[in-house]
Structure formats: structure tokens, C-alpha cells
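Contents: one structure, followed by commentary.
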Amino acid sequence: MTSTPERAERRAWIVWGVGLAAYFLAIFHRSSLSVAGLEATDRFGLSASGLATFTMLQLLVYAAMQVPVGLLIDRFGSRSILLGGVLVCSAAQAGFAFAESYPQALIARFFVGVGDAMTFICVIRLVAAWFPGRQVPLVTTLTGTIGQGGAIVAAVPVTLALRHWGWTSTYLTAALLGPLVALLLALLLHDSPEGKHLRGAPMNLRSVRRSLGASWGHPGTRLGFWIHFTTCFSTHAISLLWGLPFMVRSEGLSEEAAGTLLTLFVVVAMCSGPAIGWSIGRYPWQRSTIALGACLGVVAAWTLVLCWPGEAPVWTLVVLMVALGVGGPASMIGFDVARTSNPPERQGSASGLVNQGGFIAALLTVLAIGWILDWRSPAGTDYAASAFTWAMSFQYILWAIGLTQILRFRRRARTSLIEEHGGRPTAFDRV
């Protein structure tokens, strides 16, 4: 007969798998526009900034909802919020399938952002509730990297589906996956080993302000925010919208080749994620150092591509995709730093604050790229390679800000943890 610890471990992996399925689907819905940018331009008659508004709105909603969603998770548990997120996201994708005008499409993407915002930090909270502390960094990183498989499904397959099925059939088929995942959530997901529903204490405005103030006031939460801000915004900007137009219009690749490269960086993320998760669990004092290294790798790869005279050779784009693929999992370090800096009752709100970082930066990047492309391109013309060079160079501003803040707050976080433990922190609670 299977022992009780073995049953508990198996149950934890089942719960995680179901939550991961919901996150996978949310990533798919979020990324499904990235390979349809040119089709959306034709369908709705958009400029670059108009196209960027789709993703800008979705990211704005996502970022704005992180703290409210975190508070809702602390109050009502992951199960209820995750189930609602899946249903909202799928309904919005169905609306996007039938949208005939730009305002209709914008409303649909708004609610895609709402549903998307209700998924990831729910799964992070489930991981913390179901797994032993030393397993949490690895499982958290696996969540982020395997979940990115949704972007693979939103790359080459969606490109082919759009070509053969058309806009409405492609996005409606995607929307129909939601009810299936929602059924799995309803049947198999529990908030914790102790029960199906985990409820926190009722909150009023004063308690909300106190919880958020305590979470944000800890330098570990701020360090997590800036790690997430700095490591993943470039990945999001490329995967959500600008990757395919950049490689097709600036670097002269076919749409199929560009889609393959976008798939490559997701595969790299899925492969590098477990290594990063193991590293931050084994060397927790060096978590911010690992994040800095990943970010500097992305900066170096972009510099190589943007400074190459003429069209960059394919191998340089492969290097860029590999660097971006590592940058995505590295952003999970921010959640682990915040987790070890806050008590269980603040895990949702702290994770929400951290998750805002990368999406605020991604929002700024997506919007700025669209504005700069319109600024550097004459009206009625395709975007020149030089326009993309100008646009993509905007990222250096955010990297400079983010790297400075990581260095600043990691000193404060280390000092705080040393003081809290009366000396050198225990192995697992280091930054």
C-alpha cells in the first residue's frame, strides 16, 4: 500500500499539474497575438502604435490587477480565483475571435488581460502551500518555464491555423479549451493539503494598506520587484508582439523562420528553467547574482544584433533567442526572494507586487517601440531596419534603471535578513 507521505507527494504534483495547465492556457491566450500582428494590422487597419495598443492594454490590465488579485488570493484562496481567471480569459478570447472593429477587439484583449492576471500568482501560492520549502524554488521555476509552452502553441501552430482556418476559427478554437481546463480545476484542485478552500481573514481598507505596506516595506520584496522588472521585459516584448515583425521587417526572415526562432527561445526557457531553479535552491545567497548574469547576457545579445552592420546573420539571432530564453526563467528569482522575505499571510500580495515589475517594464517597452517605429518611418511606408534599431534601443534605458536598483536593494535585503536572523541567515533564507 502506498504510504501517506507518498500519497501526499503524488497529490501535490497532481494539484500543481492542474494549476500549470491553467497557466499554460493563459500564456497561450496572452501570446496568441504575437504571431498575428500582421493579420491584425490588415483586419483592423492599424498603425504600429495602434497594434502596440492591443498588447499595451493587455499588459496594463495585467500589471494593474496584480496587487488586487494577490489580496483576493490571500482572502479567498487560489482555487476560486484561478477558476474565475480561466473562464474570463476564454470568454474574452471568444470575443476576440468575432471582433470586427478595433474597439471590439480592444475590449476583448482587455478581458484577456483580466483573466491572465488571475492565473500565475495563484499557481505560485499553490506551490508554496503544497511543496516542502526546499522544493519551492525548483517547482516555481518549472511553473514559469513549462508554462511558457503555451507560447510555443501560440507560435508556429497558430501561424499555420491563421493561414488555413482564418481569424475567427483559429481564435474560437483556442477559446473552447478553457471550459475543459476549468472542469479539471473544479474536480482536482485544492488550496492546500488541509482543505479544498483556504480562506484568509476578512480585509478592510486599513488592513489592506497595512498588508501592502508591510510587504513593500521589506527590501526583499523590492529586490524581487526589480529582478522581475529587469530580467523579463525584453522577453515579453518579443514574445507578445514585436518579435515576428522585427525579424521579418528588419532582419529579412520569412514568417516561418521567424516563428521557428520564437519557438526556439521558448524551448531554451523550458530547458534552462530547471537549472536555474536548482541553482537558486542550492545557492540562495547568490540569487540576485544569477539574475544579474542572465540580464547582462540579454543586453550583450541585443547589442550584438543591433550593432551588426546590415541584416544580422541567423546565428546572432539564435544567440539572442537563447539569451532571451534564459532571461524568462531568471525572472522567477524575484518571486523566490519575495517568498523568503514575507510571512505566509502576505504571500499573495508580495507575489503580486513582484509580478507588476516585469509587466510594467514590458508595457513601457511595447508602447515605446510602437511610437518610435511610427516616428522613424514615413507615413504609408514599411518599417526600415534603422527604425527597428532605434526602437529596440529603448530597452537600454530600462536595463540601466533595473540593474541599478537590483544592486541597490540587494545590499539592503542582505542586511535586513542578517539582522532578522541575528547573524548570517540560514541557508534557505538568503538573497
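If you're wondering about the labels, chains in the C-alpha cells are A, B, ... by order shown, residues count from 1 in each chain, ligands from 1 in order shown.
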- Can you list, as an NGL selection string, every protein, DNA or RNA residue that comes within 12 Å of Leu176 in chain A when you count only C-alpha atoms, leaving out same-chain residues fewer than 4 positions away? :A and (25 or 29 or 86-87 or 89-95 or 97 or 169-172 or 180-182)
Gly85 in chain A surroundings by only C-alpha atoms, 6 Å radius, close-in-sequence under 2 positions cut, as a short mmCIF file (atom, residue, chain, number, x, y, z; two decimals) with C-alpha atoms, in the first residue's frame:
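Wrote around-v1.cif, looks like this:
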```
data_model
loop_
_atom_site.label_atom_id
_atom_site.label_comp_id
_atom_site.auth_asym_id
_atom_site.auth_seq_id
_atom_site.Cartn_x
_atom_site.Cartn_y
_atom_site.Cartn_z
CA LEU A 82 -7.82 30.59 -10.70
CA LEU A 83 -11.13 29.11 -11.84
CA LEU A 87 -13.31 31.34 -17.58
CA VAL A 88 -12.80 35.09 -18.08
CA GLY A 115 -8.18 36.57 -16.91
CA MET A 118 -5.67 35.81 -12.23
#
```
- Could you write out, as a ChimeraX atom specification, all the residues of range 89-225 of chain A that DSSP marks as alpha helix (DSSP H)? /A:89-98,102-117,120-130,136-147,149-153,156-165,167-175,177-188,205-217,219-225
- Message: With distances taken over only C-alpha atoms, which residue among A:Gln58, A:Gln395, A:Thr230, A:Thr260 lies nearest Leu306 in chain A?
- Response: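 Ranking A:Gln58, A:Gln395, A:Thr230, A:Thr260 by distance to Leu306 in chain A, first place goes to A:Gln395.
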- Query: Which residues, written as a ChimeraX atom specification, have at least one atom at most 9 Å from Cys232 in chain A, with only C-alpha atoms counted and residues fewer than 5 positions away on the same chain left out?
  - Reply: /A:227,237,295,324,327-331,358-359,361-362
Using the selection just defined, write its residues with all heavy atoms as a compact mmCIF listing (two decimals), in the first residue's frame.
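Contents of selection_14.txt, as written:
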```txt
# COMPACT_ATOMS: atom_id res chain seq x y z
N ILE A 227 14.23 42.61 -9.77
CA ILE A 227 14.72 41.45 -10.52
C ILE A 227 13.72 41.09 -11.62
O ILE A 227 14.10 40.86 -12.78
CB ILE A 227 14.95 40.26 -9.57
CG1 ILE A 227 16.20 40.49 -8.72
CG2 ILE A 227 15.08 38.96 -10.36
CD1 ILE A 227 16.41 39.44 -7.65
N ALA A 237 8.27 41.60 -24.53
CA ALA A 237 8.06 42.47 -25.69
C ALA A 237 8.22 41.69 -26.99
O ALA A 237 7.48 41.91 -27.96
CB ALA A 237 9.03 43.64 -25.64
N CYS A 295 20.50 38.86 -17.00
CA CYS A 295 20.15 40.13 -17.61
C CYS A 295 21.29 40.66 -18.48
O CYS A 295 21.07 41.13 -19.59
CB CYS A 295 19.79 41.14 -16.53
SG CYS A 295 19.30 42.75 -17.19
N LEU A 324 17.38 35.44 -24.46
CA LEU A 324 16.02 35.75 -24.02
C LEU A 324 15.38 34.55 -23.33
O LEU A 324 14.61 34.69 -22.37
CB LEU A 324 15.17 36.19 -25.20
CG LEU A 324 15.50 37.55 -25.83
CD1 LEU A 324 14.72 37.75 -27.12
CD2 LEU A 324 15.21 38.69 -24.85
N GLY A 327 16.57 34.53 -19.86
CA GLY A 327 16.07 35.67 -19.10
C GLY A 327 14.68 35.44 -18.51
O GLY A 327 14.39 35.90 -17.40
N GLY A 328 13.83 34.72 -19.23
CA GLY A 328 12.49 34.45 -18.72
C GLY A 328 12.49 33.68 -17.42
O GLY A 328 11.92 34.13 -16.41
N PRO A 329 13.13 32.50 -17.35
CA PRO A 329 13.19 31.76 -16.08
C PRO A 329 13.90 32.53 -14.96
O PRO A 329 13.55 32.37 -13.79
CB PRO A 329 13.96 30.49 -16.45
CG PRO A 329 13.76 30.32 -17.91
CD PRO A 329 13.67 31.71 -18.46
N ALA A 330 14.88 33.34 -15.32
CA ALA A 330 15.60 34.11 -14.29
C ALA A 330 14.67 35.07 -13.55
O ALA A 330 14.91 35.41 -12.39
CB ALA A 330 16.76 34.87 -14.92
N SER A 331 13.60 35.50 -14.22
CA SER A 331 12.66 36.42 -13.54
C SER A 331 11.95 35.74 -12.38
O SER A 331 11.46 36.42 -11.47
CB SER A 331 11.64 36.95 -14.55
OG SER A 331 10.76 35.92 -14.98
N GLY A 358 7.93 43.19 -13.97
CA GLY A 358 8.24 42.83 -15.35
C GLY A 358 7.20 43.32 -16.33
O GLY A 358 7.52 43.67 -17.46
N PHE A 359 5.94 43.35 -15.89
CA PHE A 359 4.88 43.73 -16.82
C PHE A 359 4.76 45.24 -16.97
O PHE A 359 4.36 45.73 -18.02
CB PHE A 359 3.57 43.07 -16.41
CG PHE A 359 3.56 41.60 -16.70
CD1 PHE A 359 3.97 40.69 -15.74
CD2 PHE A 359 3.22 41.13 -17.95
CE1 PHE A 359 4.01 39.33 -16.02
CE2 PHE A 359 3.25 39.78 -18.25
CZ PHE A 359 3.65 38.87 -17.28
N ALA A 361 7.48 47.10 -16.98
CA ALA A 361 8.58 47.32 -17.92
C ALA A 361 8.21 46.86 -19.33
O ALA A 361 8.53 47.53 -20.32
CB ALA A 361 9.83 46.60 -17.44
N ALA A 362 7.53 45.72 -19.43
CA ALA A 362 7.11 45.23 -20.75
C ALA A 362 6.12 46.18 -21.40
O ALA A 362 6.18 46.43 -22.61
CB ALA A 362 6.51 43.83 -20.62
```
- Message: Need the shell around Trp371 in chain A: protein/DNA/RNA residues with any atom at most 9 Å away, counting only C-alpha atoms. Skip same-chain ones fewer than 3 positions apart. Format as a list in words?
- Response: Ala48, Ser49, Ala52, Val366, Leu367, Ala368, Asp374, Trp375, Arg376 and Ala391 of chain A
Would you tabulate, counting only C-alpha atoms, all residues of range 206-278 of chain A that have an atom at most 9 Å from an atom of range 158-166 of chain A, showing the closest pair of atoms and their distance in Å to one decimal, sorted by chain then ascending number, as CSV?
```
residue,atom,partner,partner_atom,distance
A:Glu255,CA,A:Thr159,CA,8.5
A:Glu256,CA,A:Thr159,CA,8.1
A:Gly259,CA,A:Thr159,CA,7.9
```
- Task: Name the residues in contact with Thr140 in chain A at a cut-off of 12 Å, using only C-alpha atoms, excluding same-chain residues fewer than 4 positions from it; report them as a ChimeraX atom specification.
- Result: /A:16,19-20,120-136,144-147,273-274,276-278,280-281,329-337,339,351
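Among A:Arg412, A:Arg11, A:Arg109, A:Arg287, the residue with the shortest atom-to-atom distance to Ser32 in chain A, counting only C-alpha atoms, is A:Arg109.
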- Give me, please, the distance in Å between CA of Ser101 in chain A and CA of Trp242 in chain A, quoted to one decimal. 21.8 Å
- Message: Excluding range 296-302 of chain A and its own-chain neighbours fewer than 3 positions away, which residues fall within 12 Å of it when counting only C-alpha atoms? Please give them as a PyMOL selection string.
- Response: chain A and resi 230-235+238+265+289-293+305-308+312+315-328+330+389+392-400+402-403
Prev. selection, N, CA and C atoms, output as a tab-separated table (two decimals), in the first residue's frame:
```
chain	number	residue	atom	x	y	z
A	230	THR	N	13.69	43.72	-14.48
A	230	THR	CA	14.86	43.82	-15.35
A	230	THR	C	15.08	42.61	-16.22
A	231	THR	N	14.73	41.43	-15.73
A	231	THR	CA	15.10	40.21	-16.44
A	231	THR	C	14.16	39.81	-17.56
A	232	CYS	N	12.86	40.19	-17.47
A	232	CYS	CA	11.91	39.55	-18.39
A	232	CYS	C	11.19	40.51	-19.34
A	233	PHE	N	11.40	41.84	-19.24
A	233	PHE	CA	10.59	42.71	-20.10
A	233	PHE	C	10.93	42.54	-21.57
A	234	SER	N	12.19	42.30	-21.89
A	234	SER	CA	12.58	42.12	-23.29
A	234	SER	C	11.95	40.84	-23.86
A	235	THR	N	11.96	39.79	-23.04
A	235	THR	CA	11.31	38.54	-23.45
A	235	THR	C	9.84	38.75	-23.74
A	238	ILE	N	9.19	40.78	-27.02
A	238	ILE	CA	9.43	39.99	-28.24
A	238	ILE	C	8.37	38.92	-28.41
A	265	PHE	N	13.36	30.18	-28.52
A	265	PHE	CA	13.64	30.79	-27.23
A	265	PHE	C	12.72	30.24	-26.14
A	289	THR	N	22.70	37.53	-7.89
A	289	THR	CA	23.86	37.45	-8.80
A	289	THR	C	23.49	36.67	-10.05
A	290	ILE	N	22.75	35.58	-9.89
A	290	ILE	CA	22.30	34.79	-11.04
A	290	ILE	C	21.40	35.64	-11.93
A	291	ALA	N	20.50	36.42	-11.31
A	291	ALA	CA	19.61	37.29	-12.08
A	291	ALA	C	20.41	38.35	-12.85
A	292	LEU	N	21.40	38.93	-12.21
A	292	LEU	CA	22.24	39.92	-12.89
A	292	LEU	C	22.95	39.31	-14.09
A	293	GLY	N	23.48	38.11	-13.94
A	293	GLY	CA	24.15	37.45	-15.06
A	293	GLY	C	23.23	37.20	-16.23
A	305	VAL	N	23.25	42.02	-32.00
A	305	VAL	CA	22.33	42.07	-33.14
A	305	VAL	C	22.16	43.50	-33.65
A	306	LEU	N	21.97	44.45	-32.75
A	306	LEU	CA	21.66	45.82	-33.17
A	306	LEU	C	22.88	46.54	-33.75
A	307	CYS	N	24.08	46.15	-33.34
A	307	CYS	CA	25.29	46.80	-33.83
A	307	CYS	C	25.84	46.13	-35.09
A	308	TRP	N	25.26	45.01	-35.49
A	308	TRP	CA	25.76	44.31	-36.68
A	308	TRP	C	25.42	45.15	-37.92
A	312	ALA	N	21.48	41.21	-39.57
A	312	ALA	CA	22.26	40.32	-38.70
A	312	ALA	C	22.15	38.89	-39.20
A	315	TRP	N	22.84	33.28	-37.04
A	315	TRP	CA	23.44	32.78	-35.80
A	315	TRP	C	23.37	33.83	-34.68
A	316	THR	N	23.42	35.11	-35.04
A	316	THR	CA	23.31	36.13	-34.00
A	316	THR	C	21.88	36.18	-33.44
A	317	LEU	N	20.89	35.93	-34.30
A	317	LEU	CA	19.50	35.88	-33.83
A	317	LEU	C	19.27	34.65	-32.95
A	318	VAL	N	19.96	33.56	-33.27
A	318	VAL	CA	19.89	32.38	-32.41
A	318	VAL	C	20.47	32.69	-31.04
A	319	VAL	N	21.61	33.39	-31.01
A	319	VAL	CA	22.21	33.80	-29.74
A	319	VAL	C	21.22	34.67	-28.95
A	320	LEU	N	20.55	35.59	-29.65
A	320	LEU	CA	19.57	36.45	-28.99
A	320	LEU	C	18.43	35.63	-28.41
A	321	MET	N	17.91	34.68	-29.16
A	321	MET	CA	16.80	33.87	-28.66
A	321	MET	C	17.22	33.03	-27.45
A	322	VAL	N	18.47	32.54	-27.47
A	322	VAL	CA	18.96	31.76	-26.33
A	322	VAL	C	19.05	32.65	-25.09
A	323	ALA	N	19.59	33.86	-25.26
A	323	ALA	CA	19.71	34.78	-24.12
A	323	ALA	C	18.33	35.15	-23.57
A	324	LEU	N	17.38	35.44	-24.46
A	324	LEU	CA	16.02	35.75	-24.02
A	324	LEU	C	15.38	34.55	-23.33
A	325	GLY	N	15.69	33.35	-23.83
A	325	GLY	CA	15.15	32.14	-23.23
A	325	GLY	C	15.62	31.92	-21.80
A	326	VAL	N	16.85	32.34	-21.50
A	326	VAL	CA	17.36	32.24	-20.13
A	326	VAL	C	16.79	33.36	-19.27
A	327	GLY	N	16.57	34.53	-19.86
A	327	GLY	CA	16.07	35.67	-19.10
A	327	GLY	C	14.68	35.44	-18.51
A	328	GLY	N	13.83	34.72	-19.23
A	328	GLY	CA	12.49	34.45	-18.72
A	328	GLY	C	12.49	33.68	-17.42
A	330	ALA	N	14.88	33.34	-15.32
A	330	ALA	CA	15.60	34.11	-14.29
A	330	ALA	C	14.67	35.07	-13.55
A	389	THR	N	16.09	49.50	-35.23
A	389	THR	CA	17.27	49.70	-34.39
A	389	THR	C	17.03	50.78	-33.35
A	392	MET	N	14.28	49.29	-30.78
A	392	MET	CA	14.75	48.28	-29.85
A	392	MET	C	15.79	48.83	-28.87
A	393	SER	N	16.46	49.91	-29.25
A	393	SER	CA	17.46	50.51	-28.36
A	393	SER	C	16.83	51.16	-27.13
A	394	PHE	N	15.53	51.39	-27.15
A	394	PHE	CA	14.86	51.93	-25.98
A	394	PHE	C	15.08	51.05	-24.75
A	395	GLN	N	15.27	49.76	-24.97
A	395	GLN	CA	15.41	48.83	-23.85
A	395	GLN	C	16.58	49.16	-22.94
A	396	TYR	N	17.62	49.80	-23.49
A	396	TYR	CA	18.79	50.09	-22.67
A	396	TYR	C	18.46	51.04	-21.51
A	397	ILE	N	17.48	51.89	-21.69
A	397	ILE	CA	17.08	52.80	-20.61
A	397	ILE	C	16.55	52.00	-19.43
A	398	LEU	N	15.68	51.04	-19.70
A	398	LEU	CA	15.11	50.25	-18.63
A	398	LEU	C	16.13	49.32	-18.00
A	399	TRP	N	17.04	48.77	-18.81
A	399	TRP	CA	18.10	47.93	-18.23
A	399	TRP	C	18.96	48.73	-17.26
A	400	ALA	N	19.29	49.97	-17.64
A	400	ALA	CA	20.12	50.80	-16.77
A	400	ALA	C	19.43	51.05	-15.43
A	402	GLY	N	16.93	49.23	-14.05
A	402	GLY	CA	16.72	47.99	-13.32
A	402	GLY	C	18.00	47.45	-12.69
A	403	LEU	N	19.09	47.45	-13.43
A	403	LEU	CA	20.35	46.94	-12.88
A	403	LEU	C	20.81	47.77	-11.69
```
- Could you state the separation of CA of Gly348 in chain A and CA of Leu71 in chain A in Å, given to one decimal place? 6.1 Å
- Could you work out how far CA of Gln347 in chain A lies from CA of Leu223 in chain A, giving the answer in Å with one decimal? 15.1 Å
- Can you pull out every residue within 9 Å of Leu262 in chain A, counting only C-alpha atoms, but drop anything in the same chain fewer than 2 positions away, and send it as a list in words? Ala151, Ile152, Ala155, Val156, Ile238, Ser239, Gly243, Leu244, Ala257, Ala258, Gly259, Thr260, Leu264, Phe265, Val266, Val267 and Met321 of chain A
